[in-house]
file upload_20.pdb (PDB, C-alpha atoms)
ATOM      1  CA  MET A   1      -6.924  34.862  11.417  1.00  0.00           C
ATOM      2  CA  ARG A   2      -5.437  31.546  12.545  1.00  0.00           C
ATOM      3  CA  PHE A   3      -8.720  30.703  14.305  1.00  0.00           C
ATOM      4  CA  ILE A   4     -10.628  31.106  11.047  1.00  0.00           C
ATOM      5  CA  GLU A   5      -8.170  28.871   9.166  1.00  0.00           C
ATOM      6  CA  ASN A   6      -8.427  26.160  11.853  1.00  0.00           C
ATOM      7  CA  LEU A   7     -12.218  26.416  11.830  1.00  0.00           C
ATOM      8  CA  LYS A   8     -12.304  26.162   8.046  1.00  0.00           C
ATOM      9  CA  GLU A   9     -10.007  23.115   8.100  1.00  0.00           C
ATOM     10  CA  GLY A  10     -12.143  21.457  10.777  1.00  0.00           C
ATOM     11  CA  LEU A  11     -15.323  22.054   8.792  1.00  0.00           C
ATOM     12  CA  GLN A  12     -13.712  20.631   5.672  1.00  0.00           C
ATOM     13  CA  VAL A  13     -12.840  17.398   7.454  1.00  0.00           C
ATOM     14  CA  LYS A  14     -16.169  17.158   9.287  1.00  0.00           C
ATOM     15  CA  PHE A  15     -18.350  17.670   6.244  1.00  0.00           C
ATOM     16  CA  GLY A  16     -16.068  15.939   3.730  1.00  0.00           C
ATOM     17  CA  LEU A  17     -15.102  19.070   1.827  1.00  0.00           C
ATOM     18  CA  ASN A  18     -11.876  19.636  -0.056  1.00  0.00           C
ATOM     19  CA  GLU A  19      -9.968  22.910  -0.420  1.00  0.00           C
ATOM     20  CA  THR A  20     -12.366  24.341  -2.991  1.00  0.00           C
ATOM     21  CA  GLY A  21     -15.414  23.654  -0.824  1.00  0.00           C
ATOM     22  CA  SER A  22     -16.817  20.804  -2.914  1.00  0.00           C
ATOM     23  CA  ILE A  23     -17.447  17.341  -1.519  1.00  0.00           C
ATOM     24  CA  ALA A  24     -14.213  15.328  -1.216  1.00  0.00           C
ATOM     25  CA  LYS A  25     -14.346  11.887  -2.773  1.00  0.00           C
ATOM     26  CA  THR A  26     -11.742   9.312  -3.622  1.00  0.00           C
ATOM     27  CA  ARG A  27     -10.348   9.339  -7.117  1.00  0.00           C
ATOM     28  CA  THR A  28     -12.141   7.423  -9.831  1.00  0.00           C
ATOM     29  CA  ILE A  29     -10.031   4.575 -11.133  1.00  0.00           C
ATOM     30  CA  SER A  30     -10.846   1.303 -12.832  1.00  0.00           C
ATOM     31  CA  LYS A  31     -10.447  -1.817 -10.746  1.00  0.00           C
ATOM     32  CA  HIS A  32      -9.063  -3.530 -13.849  1.00  0.00           C
ATOM     33  CA  PHE A  33      -5.730  -1.764 -13.308  1.00  0.00           C
ATOM     34  CA  GLY A  34      -5.203  -4.477 -10.689  1.00  0.00           C
ATOM     35  CA  TRP A  35      -4.307  -6.812 -13.551  1.00  0.00           C
ATOM     36  CA  LEU A  36      -1.024  -4.901 -13.806  1.00  0.00           C
ATOM     37  CA  GLY A  37       0.033  -6.752 -10.670  1.00  0.00           C
ATOM     38  CA  PHE A  38       0.870  -9.749 -12.819  1.00  0.00           C
ATOM     39  CA  LEU A  39       3.847  -7.749 -14.126  1.00  0.00           C
ATOM     40  CA  GLY A  40       5.520  -8.834 -10.892  1.00  0.00           C
ATOM     41  CA  PHE A  41       6.185 -12.216 -12.449  1.00  0.00           C
ATOM     42  CA  MET A  42       8.684 -10.533 -14.789  1.00  0.00           C
ATOM     43  CA  GLY A  43      11.251 -10.444 -11.981  1.00  0.00           C
ATOM     44  CA  PRO A  44      11.721 -14.200 -11.475  1.00  0.00           C
ATOM     45  CA  ILE A  45      11.431 -14.832 -15.231  1.00  0.00           C
ATOM     46  CA  ILE A  46      14.175 -12.331 -16.088  1.00  0.00           C
ATOM     47  CA  TYR A  47      16.278 -13.577 -13.180  1.00  0.00           C
ATOM     48  CA  SER A  48      16.026 -17.168 -14.431  1.00  0.00           C
ATOM     49  CA  PHE A  49      17.186 -16.160 -17.940  1.00  0.00           C
ATOM     50  CA  ILE A  50      19.820 -13.544 -17.168  1.00  0.00           C
ATOM     51  CA  GLY A  51      20.769 -14.201 -13.559  1.00  0.00           C
ATOM     52  CA  TRP A  52      20.844 -10.490 -12.699  1.00  0.00           C
ATOM     53  CA  SER A  53      19.738  -9.971  -9.093  1.00  0.00           C
ATOM     54  CA  GLY A  54      18.454  -6.480  -9.780  1.00  0.00           C
ATOM     55  CA  SER A  55      15.694  -7.890 -11.965  1.00  0.00           C
ATOM     56  CA  LEU A  56      13.997  -9.169  -8.821  1.00  0.00           C
ATOM     57  CA  ALA A  57      13.044  -5.574  -8.084  1.00  0.00           C
ATOM     58  CA  PHE A  58      10.232  -6.165 -10.597  1.00  0.00           C
ATOM     59  CA  LEU A  59       8.491  -8.020  -7.765  1.00  0.00           C
ATOM     60  CA  VAL A  60       7.334  -4.620  -6.557  1.00  0.00           C
ATOM     61  CA  PHE A  61       4.820  -4.657  -9.427  1.00  0.00           C
ATOM     62  CA  PHE A  62       2.723  -7.023  -7.310  1.00  0.00           C
ATOM     63  CA  GLY A  63       1.742  -3.809  -5.536  1.00  0.00           C
ATOM     64  CA  PHE A  64      -0.454  -2.963  -8.534  1.00  0.00           C
ATOM     65  CA  PHE A  65      -2.974  -5.467  -7.177  1.00  0.00           C
ATOM     66  CA  ALA A  66      -3.882  -2.660  -4.744  1.00  0.00           C
ATOM     67  CA  PHE A  67      -5.530  -0.856  -7.679  1.00  0.00           C
ATOM     68  CA  TYR A  68      -8.284  -3.481  -7.501  1.00  0.00           C
ATOM     69  CA  PHE A  69      -9.255  -2.373  -4.002  1.00  0.00           C
ATOM     70  CA  GLU A  70      -8.850   1.288  -4.877  1.00  0.00           C
ATOM     71  CA  GLY A  71     -11.038   0.790  -7.932  1.00  0.00           C
ATOM     72  CA  LYS A  72     -13.723  -0.856  -5.827  1.00  0.00           C
ATOM     73  CA  MET A  73     -13.712   2.227  -3.581  1.00  0.00           C
ATOM     74  CA  SER A  74     -13.800   4.744  -6.441  1.00  0.00           C
ATOM     75  CA  ASN A  75     -15.867   7.844  -5.845  1.00  0.00           C
ATOM     76  CA  THR A  76     -16.320   7.099  -2.133  1.00  0.00           C
ATOM     77  CA  LEU A  77     -17.029   9.994   0.206  1.00  0.00           C
ATOM     78  CA  ARG A  78     -13.943  10.879   2.252  1.00  0.00           C
ATOM     79  CA  ASP A  79     -15.548  11.578   5.604  1.00  0.00           C
ATOM     80  CA  GLU A  80     -14.012  11.364   9.087  1.00  0.00           C
ATOM     81  CA  ARG A  81     -14.622   7.623   9.330  1.00  0.00           C
ATOM     82  CA  PHE A  82     -12.956   6.967   5.964  1.00  0.00           C
ATOM     83  CA  ILE A  83      -9.917   9.098   6.825  1.00  0.00           C
ATOM     84  CA  GLU A  84      -9.582   7.406  10.217  1.00  0.00           C
ATOM     85  CA  ASN A  85      -9.786   3.951   8.625  1.00  0.00           C
ATOM     86  CA  GLU A  86      -7.255   5.009   5.989  1.00  0.00           C
ATOM     87  CA  ARG A  87      -4.765   6.128   8.619  1.00  0.00           C
ATOM     88  CA  ARG A  88      -5.343   3.006  10.717  1.00  0.00           C
ATOM     89  CA  ALA A  89      -4.826   0.721   7.686  1.00  0.00           C
ATOM     90  CA  GLU A  90      -1.635   2.508   6.661  1.00  0.00           C
ATOM     91  CA  ARG A  91      -0.315   2.373  10.224  1.00  0.00           C
ATOM     92  CA  ILE A  92      -0.885  -1.390  10.448  1.00  0.00           C
ATOM     93  CA  ALA A  93       0.557  -2.014   6.969  1.00  0.00           C
ATOM     94  CA  TYR A  94       3.695   0.024   7.671  1.00  0.00           C
ATOM     95  CA  ARG A  95       4.175  -1.661  11.040  1.00  0.00           C
ATOM     96  CA  ILE A  96       4.029  -5.111   9.430  1.00  0.00           C
ATOM     97  CA  GLY A  97       6.305  -3.941   6.612  1.00  0.00           C
ATOM     98  CA  ILE A  98       8.935  -2.627   8.995  1.00  0.00           C
ATOM     99  CA  MET A  99       8.873  -5.899  10.943  1.00  0.00           C
ATOM    100  CA  ILE A 100       9.378  -7.883   7.728  1.00  0.00           C
ATOM    101  CA  ILE A 101      12.348  -5.720   6.699  1.00  0.00           C
ATOM    102  CA  PHE A 102      13.855  -5.962  10.193  1.00  0.00           C
ATOM    103  CA  LEU A 103      13.619  -9.767  10.166  1.00  0.00           C
ATOM    104  CA  ALA A 104      15.001  -9.845   6.614  1.00  0.00           C
ATOM    105  CA  LEU A 105      18.017  -7.787   7.655  1.00  0.00           C
ATOM    106  CA  ILE A 106      18.714 -10.194  10.507  1.00  0.00           C
ATOM    107  CA  GLY A 107      18.414 -13.119   8.095  1.00  0.00           C
ATOM    108  CA  CYS A 108      20.586 -11.373   5.534  1.00  0.00           C
ATOM    109  CA  ILE A 109      23.362 -10.808   8.075  1.00  0.00           C
ATOM    110  CA  ASN A 110      23.276 -14.496   8.974  1.00  0.00           C
ATOM    111  CA  TRP A 111      23.364 -15.540   5.292  1.00  0.00           C
ATOM    112  CA  ILE A 112      26.488 -13.592   4.324  1.00  0.00           C
ATOM    113  CA  GLU A 113      29.045 -16.045   5.691  1.00  0.00           C
ATOM    114  CA  PRO A 114      27.558 -19.409   4.628  1.00  0.00           C
ATOM    115  CA  TYR A 115      26.094 -18.371   1.244  1.00  0.00           C
ATOM    116  CA  GLY A 116      28.085 -15.309   0.218  1.00  0.00           C
ATOM    117  CA  TYR A 117      27.257 -11.709  -0.567  1.00  0.00           C
ATOM    118  CA  LYS A 118      25.427 -12.414  -3.824  1.00  0.00           C
ATOM    119  CA  ALA A 119      22.863 -14.657  -2.124  1.00  0.00           C
ATOM    120  CA  ALA A 120      22.354 -12.124   0.667  1.00  0.00           C
ATOM    121  CA  TYR A 121      22.004  -9.296  -1.860  1.00  0.00           C
ATOM    122  CA  THR A 122      19.481 -11.275  -3.912  1.00  0.00           C
ATOM    123  CA  PHE A 123      17.526 -12.173  -0.779  1.00  0.00           C
ATOM    124  CA  LEU A 124      17.471  -8.559   0.393  1.00  0.00           C
ATOM    125  CA  ILE A 125      16.270  -7.183  -2.963  1.00  0.00           C
ATOM    126  CA  THR A 126      13.538  -9.814  -3.123  1.00  0.00           C
ATOM    127  CA  ILE A 127      12.292  -9.191   0.402  1.00  0.00           C
ATOM    128  CA  ILE A 128      12.284  -5.398   0.086  1.00  0.00           C
ATOM    129  CA  ALA A 129      10.415  -5.494  -3.249  1.00  0.00           C
ATOM    130  CA  LEU A 130       7.848  -7.968  -1.950  1.00  0.00           C
ATOM    131  CA  ASP A 131       7.521  -5.998   1.274  1.00  0.00           C
ATOM    132  CA  TRP A 132       6.702  -2.828  -0.621  1.00  0.00           C
ATOM    133  CA  ALA A 133       4.005  -4.716  -2.536  1.00  0.00           C
ATOM    134  CA  VAL A 134       2.648  -6.159   0.712  1.00  0.00           C
ATOM    135  CA  ILE A 135       2.449  -2.707   2.272  1.00  0.00           C
ATOM    136  CA  LEU A 136       0.481  -1.308  -0.678  1.00  0.00           C
ATOM    137  CA  ASN A 137      -1.885  -4.264  -0.913  1.00  0.00           C
ATOM    138  CA  LEU A 138      -2.409  -4.533   2.818  1.00  0.00           C
ATOM    139  CA  SER A 139      -3.182  -0.848   3.328  1.00  0.00           C
ATOM    140  CA  TYR A 140      -5.749  -0.719   0.507  1.00  0.00           C
ATOM    141  CA  GLY A 141      -7.117  -4.164   1.331  1.00  0.00           C
ATOM    142  CA  LEU A 142      -7.695  -3.309   4.983  1.00  0.00           C
ATOM    143  CA  LEU A 143      -9.240   0.023   4.052  1.00  0.00           C
ATOM    144  CA  TYR A 144     -11.618  -1.691   1.628  1.00  0.00           C
ATOM    145  CA  TYR A 145     -12.498  -4.364   4.197  1.00  0.00           C
ATOM    146  CA  TRP A 146     -13.228  -1.869   6.969  1.00  0.00           C
ATOM    147  CA  ASP A 147     -15.160   0.448   4.675  1.00  0.00           C
ATOM    148  CA  LYS A 148     -17.298  -2.408   3.363  1.00  0.00           C
ATOM    149  CA  LYS A 149     -17.808  -3.831   6.865  1.00  0.00           C
ATOM    150  CA  GLU A 150     -18.919  -0.506   8.331  1.00  0.00           C
ATOM    151  CA  ASN A 151     -21.192   0.267   5.388  1.00  0.00           C
ATOM    152  CA  SER A 152     -22.929  -3.098   5.770  1.00  0.00           C
ATOM    153  CA  ASN A 153     -23.590  -2.386   9.462  1.00  0.00           C
ATOM    154  CA  GLU A 154     -25.410   0.865   8.678  1.00  0.00           C
TER     155      GLU A 154
END
call {"tool": "encode", "arguments": {"input": "upload_20.pdb", "output": "structure tokens"}}
result
Amino acid sequence: MRFIENLKEGLQVKFGLNETGSIAKTRTISKHFGWLGFLGFMGPIIYSFIGWSGSLAFLVFFGFFAFYFEGKMSNTLRDERFIENERRAERIAYRIGIMIIFLALIGCINWIEPYGYKAAYTFLITIIALDWAVILNLSYGLLYYWDKKENSNE
């Protein structure tokens, strides 16, 4: 029984089929949702008026720019090459994101004494929010670049 399940799963990946047996494609989404990325500017604007450090978490909305790349790849066949490129792009994006957070933590520790806890807290919120946006944009951007590059070679 387990052999049949493994065989079925392997055939689904090889021939781009989803669980129901139909062809697996990426979701259809408009690339114009990428305009929502400009909501990220709300963070510095609110921070300048109110002075609340938590408002800088709005910088994560810059991650909506990734919808542009996802929209450009709408209805793309999810074959082995696409899945491999998707995993590779996510792996690179997460690796860069973890390095940014690690360096930010080192910088934050060094900022506590000369600038105080509020400056370190503000810096940390800003870096983590921007890092999350970078991870989203980088993973979808790399996936789009590799998919377009490999399709042009064929």
call {"tool": "resolve_selection", "arguments": {"input": "upload_20.pdb", "expression": "the PyMOL selection byres ((chain A and resi 59-66) around 8)", "output": "VMD selection string"}}
result
chain A and resid 33 to 44 56 to 58 67 to 70 126 129 to 138 140 to 141
call {"tool": "resolve_selection", "arguments": {"input": "upload_20.pdb", "expression": "the PyMOL selection byres ((chain A and resi 123) around 12)", "output": "PyMOL selection string"}}
result
chain A and resi 53-54+56-57+101+103-112+115-122+124-131
call {"tool": "write_last_selection", "arguments": {"input": "upload_20.pdb", "atoms": "C-alpha atoms", "output": "PDB file, keeping the file's coordinate frame"}}
result
ATOM      1  CA  SER A  53      19.738  -9.971  -9.093  1.00  0.00           C
ATOM      2  CA  GLY A  54      18.454  -6.480  -9.780  1.00  0.00           C
ATOM      3  CA  LEU A  56      13.997  -9.169  -8.821  1.00  0.00           C
ATOM      4  CA  ALA A  57      13.044  -5.574  -8.084  1.00  0.00           C
ATOM      5  CA  ILE A 101      12.348  -5.720   6.699  1.00  0.00           C
ATOM      6  CA  LEU A 103      13.619  -9.767  10.166  1.00  0.00           C
ATOM      7  CA  ALA A 104      15.001  -9.845   6.614  1.00  0.00           C
ATOM      8  CA  LEU A 105      18.017  -7.787   7.655  1.00  0.00           C
ATOM      9  CA  ILE A 106      18.714 -10.194  10.507  1.00  0.00           C
ATOM     10  CA  GLY A 107      18.414 -13.119   8.095  1.00  0.00           C
ATOM     11  CA  CYS A 108      20.586 -11.373   5.534  1.00  0.00           C
ATOM     12  CA  ILE A 109      23.362 -10.808   8.075  1.00  0.00           C
ATOM     13  CA  ASN A 110      23.276 -14.496   8.974  1.00  0.00           C
ATOM     14  CA  TRP A 111      23.364 -15.540   5.292  1.00  0.00           C
ATOM     15  CA  ILE A 112      26.488 -13.592   4.324  1.00  0.00           C
ATOM     16  CA  TYR A 115      26.094 -18.371   1.244  1.00  0.00           C
ATOM     17  CA  GLY A 116      28.085 -15.309   0.218  1.00  0.00           C
ATOM     18  CA  TYR A 117      27.257 -11.709  -0.567  1.00  0.00           C
ATOM     19  CA  LYS A 118      25.427 -12.414  -3.824  1.00  0.00           C
ATOM     20  CA  ALA A 119      22.863 -14.657  -2.124  1.00  0.00           C
ATOM     21  CA  ALA A 120      22.354 -12.124   0.667  1.00  0.00           C
ATOM     22  CA  TYR A 121      22.004  -9.296  -1.860  1.00  0.00           C
ATOM     23  CA  THR A 122      19.481 -11.275  -3.912  1.00  0.00           C
ATOM     24  CA  LEU A 124      17.471  -8.559   0.393  1.00  0.00           C
ATOM     25  CA  ILE A 125      16.270  -7.183  -2.963  1.00  0.00           C
ATOM     26  CA  THR A 126      13.538  -9.814  -3.123  1.00  0.00           C
ATOM     27  CA  ILE A 127      12.292  -9.191   0.402  1.00  0.00           C
ATOM     28  CA  ILE A 128      12.284  -5.398   0.086  1.00  0.00           C
ATOM     29  CA  ALA A 129      10.415  -5.494  -3.249  1.00  0.00           C
ATOM     30  CA  LEU A 130       7.848  -7.968  -1.950  1.00  0.00           C
ATOM     31  CA  ASP A 131       7.521  -5.998   1.274  1.00  0.00           C
TER      32      ASP A 131
END
call {"tool": "atom_distance", "arguments": {"input": "upload_20.pdb", "atom1": "CA of Ile83 in chain A", "atom2": "CA of Ile100 in chain A"}}
result
25.7 Å
call {"tool": "atom_distance", "arguments": {"input": "upload_20.pdb", "atom1": "CA of Arg95 in chain A", "atom2": "CA of Leu77 in chain A"}}
result
26.5 Å
call {"tool": "atom_distance", "arguments": {"input": "upload_20.pdb", "atom1": "CA of Ser30 in chain A", "atom2": "CA of Leu143 in chain A"}}
result
17.0 Å
call {"tool": "resolve_selection", "arguments": {"input": "upload_20.pdb", "expression": "the PyMOL selection byres ((chain A and resi 85) around 10)", "output": "list in words"}}
result
Glu80, Arg81, Phe82, Ile83, Glu84, Glu86, Arg87, Arg88, Ala89, Glu90, Arg91, Ser139, Leu142, Leu143, Tyr144, Tyr145, Trp146 and Asp147 of chain A
call {"tool": "axis_aligned_box", "arguments": {"input": "upload_20.pdb", "around": "range 140-151 of chain A", "padding_each_side": "8 Å", "output": "JSON"}}
result
{"center_x": -13.5, "center_y": -2.0, "center_z": 4.4, "size_x": 31.4, "size_y": 20.8, "size_z": 23.8}
call {"tool": "closest_residue", "arguments": {"input": "upload_20.pdb", "among": "A:Ile98, A:Ile29, A:Ala24, A:Ile46", "to": "Ser74 in chain A", "atoms": "all atoms listed in the file"}}
result
A:Ile29
call {"tool": "decode", "arguments": {"input": "upload_20.pdb", "residues": "range 119-149 of chain A", "atoms": "N, CA, C and O atoms", "output": "tab-separated table (two decimals), in the first residue's frame"}}
result
chain	number	residue	atom	x	y	z
A	119	ALA	N	16.29	53.33	21.09
A	119	ALA	CA	16.93	53.34	19.77
A	119	ALA	C	17.20	51.92	19.28
A	119	ALA	O	17.00	51.60	18.10
A	120	ALA	N	17.64	51.05	20.19
A	120	ALA	CA	17.91	49.67	19.81
A	120	ALA	C	16.63	48.95	19.43
A	120	ALA	O	16.58	48.19	18.47
A	121	TYR	N	15.55	49.21	20.20
A	121	TYR	CA	14.26	48.61	19.92
A	121	TYR	C	13.72	49.07	18.56
A	121	TYR	O	13.24	48.28	17.76
A	122	THR	N	13.82	50.37	18.29
A	122	THR	CA	13.38	50.91	17.02
A	122	THR	C	14.18	50.32	15.86
A	122	THR	O	13.62	49.95	14.83
A	123	PHE	N	15.48	50.23	16.04
A	123	PHE	CA	16.35	49.66	15.02
A	123	PHE	C	15.98	48.20	14.75
A	123	PHE	O	15.90	47.78	13.59
A	124	LEU	N	15.74	47.45	15.81
A	124	LEU	CA	15.43	46.03	15.66
A	124	LEU	C	14.09	45.82	14.96
A	124	LEU	O	13.98	44.96	14.07
A	125	ILE	N	13.08	46.58	15.32
A	125	ILE	CA	11.78	46.47	14.64
A	125	ILE	C	11.91	46.80	13.16
A	125	ILE	O	11.37	46.10	12.30
A	126	THR	N	12.64	47.86	12.87
A	126	THR	CA	12.82	48.27	11.47
A	126	THR	C	13.53	47.20	10.67
A	126	THR	O	13.10	46.84	9.56
A	127	ILE	N	14.61	46.67	11.20
A	127	ILE	CA	15.38	45.67	10.46
A	127	ILE	C	14.59	44.38	10.26
A	127	ILE	O	14.60	43.79	9.17
A	128	ILE	N	13.88	43.93	11.28
A	128	ILE	CA	13.11	42.69	11.14
A	128	ILE	C	11.98	42.85	10.13
A	128	ILE	O	11.73	41.97	9.30
A	129	ALA	N	11.28	44.00	10.15
A	129	ALA	CA	10.20	44.22	9.19
A	129	ALA	C	10.74	44.31	7.77
A	129	ALA	O	10.18	43.71	6.84
A	130	LEU	N	11.82	45.05	7.59
A	130	LEU	CA	12.41	45.15	6.25
A	130	LEU	C	12.98	43.81	5.79
A	130	LEU	O	12.92	43.48	4.60
A	131	ASP	N	13.52	43.04	6.73
A	131	ASP	CA	14.07	41.74	6.38
A	131	ASP	C	12.99	40.79	5.90
A	131	ASP	O	13.19	40.04	4.94
A	132	TRP	N	11.84	40.82	6.54
A	132	TRP	CA	10.74	39.98	6.11
A	132	TRP	C	10.31	40.36	4.69
A	132	TRP	O	10.06	39.49	3.85
A	133	ALA	N	10.25	41.65	4.41
A	133	ALA	CA	9.91	42.11	3.06
A	133	ALA	C	10.97	41.69	2.05
A	133	ALA	O	10.65	41.29	0.93
A	134	VAL	N	12.23	41.75	2.44
A	134	VAL	CA	13.32	41.34	1.55
A	134	VAL	C	13.22	39.86	1.24
A	134	VAL	O	13.41	39.43	0.09
A	135	ILE	N	12.92	39.06	2.25
A	135	ILE	CA	12.80	37.62	2.03
A	135	ILE	C	11.69	37.31	1.03
A	135	ILE	O	11.88	36.52	0.10
A	136	LEU	N	10.53	37.93	1.20
A	136	LEU	CA	9.42	37.69	0.28
A	136	LEU	C	9.76	38.13	-1.14
A	136	LEU	O	9.57	37.39	-2.11
A	137	ASN	N	10.29	39.35	-1.27
A	137	ASN	CA	10.60	39.86	-2.60
A	137	ASN	C	11.73	39.09	-3.26
A	137	ASN	O	11.69	38.84	-4.47
A	138	LEU	N	12.73	38.73	-2.50
A	138	LEU	CA	13.86	38.01	-3.06
A	138	LEU	C	13.47	36.61	-3.52
A	138	LEU	O	13.88	36.17	-4.60
A	139	SER	N	12.66	35.92	-2.74
A	139	SER	CA	12.29	34.55	-3.13
A	139	SER	C	11.44	34.56	-4.41
A	139	SER	O	11.70	33.78	-5.33
A	140	TYR	N	10.46	35.46	-4.49
A	140	TYR	CA	9.64	35.51	-5.70
A	140	TYR	C	10.40	36.12	-6.87
A	140	TYR	O	10.21	35.72	-8.03
A	141	GLY	N	11.26	37.09	-6.59
A	141	GLY	CA	12.05	37.69	-7.66
A	141	GLY	C	13.02	36.71	-8.28
A	141	GLY	O	13.17	36.65	-9.50
A	142	LEU	N	13.72	35.95	-7.44
A	142	LEU	CA	14.64	34.94	-7.97
A	142	LEU	C	13.90	33.85	-8.73
A	142	LEU	O	14.36	33.40	-9.79
A	143	LEU	N	12.77	33.43	-8.21
A	143	LEU	CA	11.98	32.41	-8.90
A	143	LEU	C	11.54	32.91	-10.27
A	143	LEU	O	11.64	32.19	-11.26
A	144	TYR	N	11.08	34.15	-10.33
A	144	TYR	CA	10.66	34.72	-11.62
A	144	TYR	C	11.84	34.83	-12.57
A	144	TYR	O	11.74	34.49	-13.75
A	145	TYR	N	12.99	35.28	-12.06
A	145	TYR	CA	14.17	35.42	-12.91
A	145	TYR	C	14.61	34.08	-13.47
A	145	TYR	O	14.88	33.95	-14.67
A	146	TRP	N	14.70	33.05	-12.61
A	146	TRP	CA	15.15	31.75	-13.09
A	146	TRP	C	14.14	31.12	-14.03
A	146	TRP	O	14.51	30.46	-15.01
A	147	ASP	N	12.86	31.28	-13.75
A	147	ASP	CA	11.84	30.72	-14.62
A	147	ASP	C	11.87	31.39	-15.99
A	147	ASP	O	11.80	30.72	-17.02
A	148	LYS	N	12.01	32.69	-16.01
A	148	LYS	CA	12.07	33.42	-17.28
A	148	LYS	C	13.35	33.08	-18.05
A	148	LYS	O	13.33	32.91	-19.26
A	149	LYS	N	14.47	32.96	-17.32
A	149	LYS	CA	15.75	32.65	-17.95
A	149	LYS	C	15.73	31.26	-18.57
A	149	LYS	O	16.20	31.07	-19.69
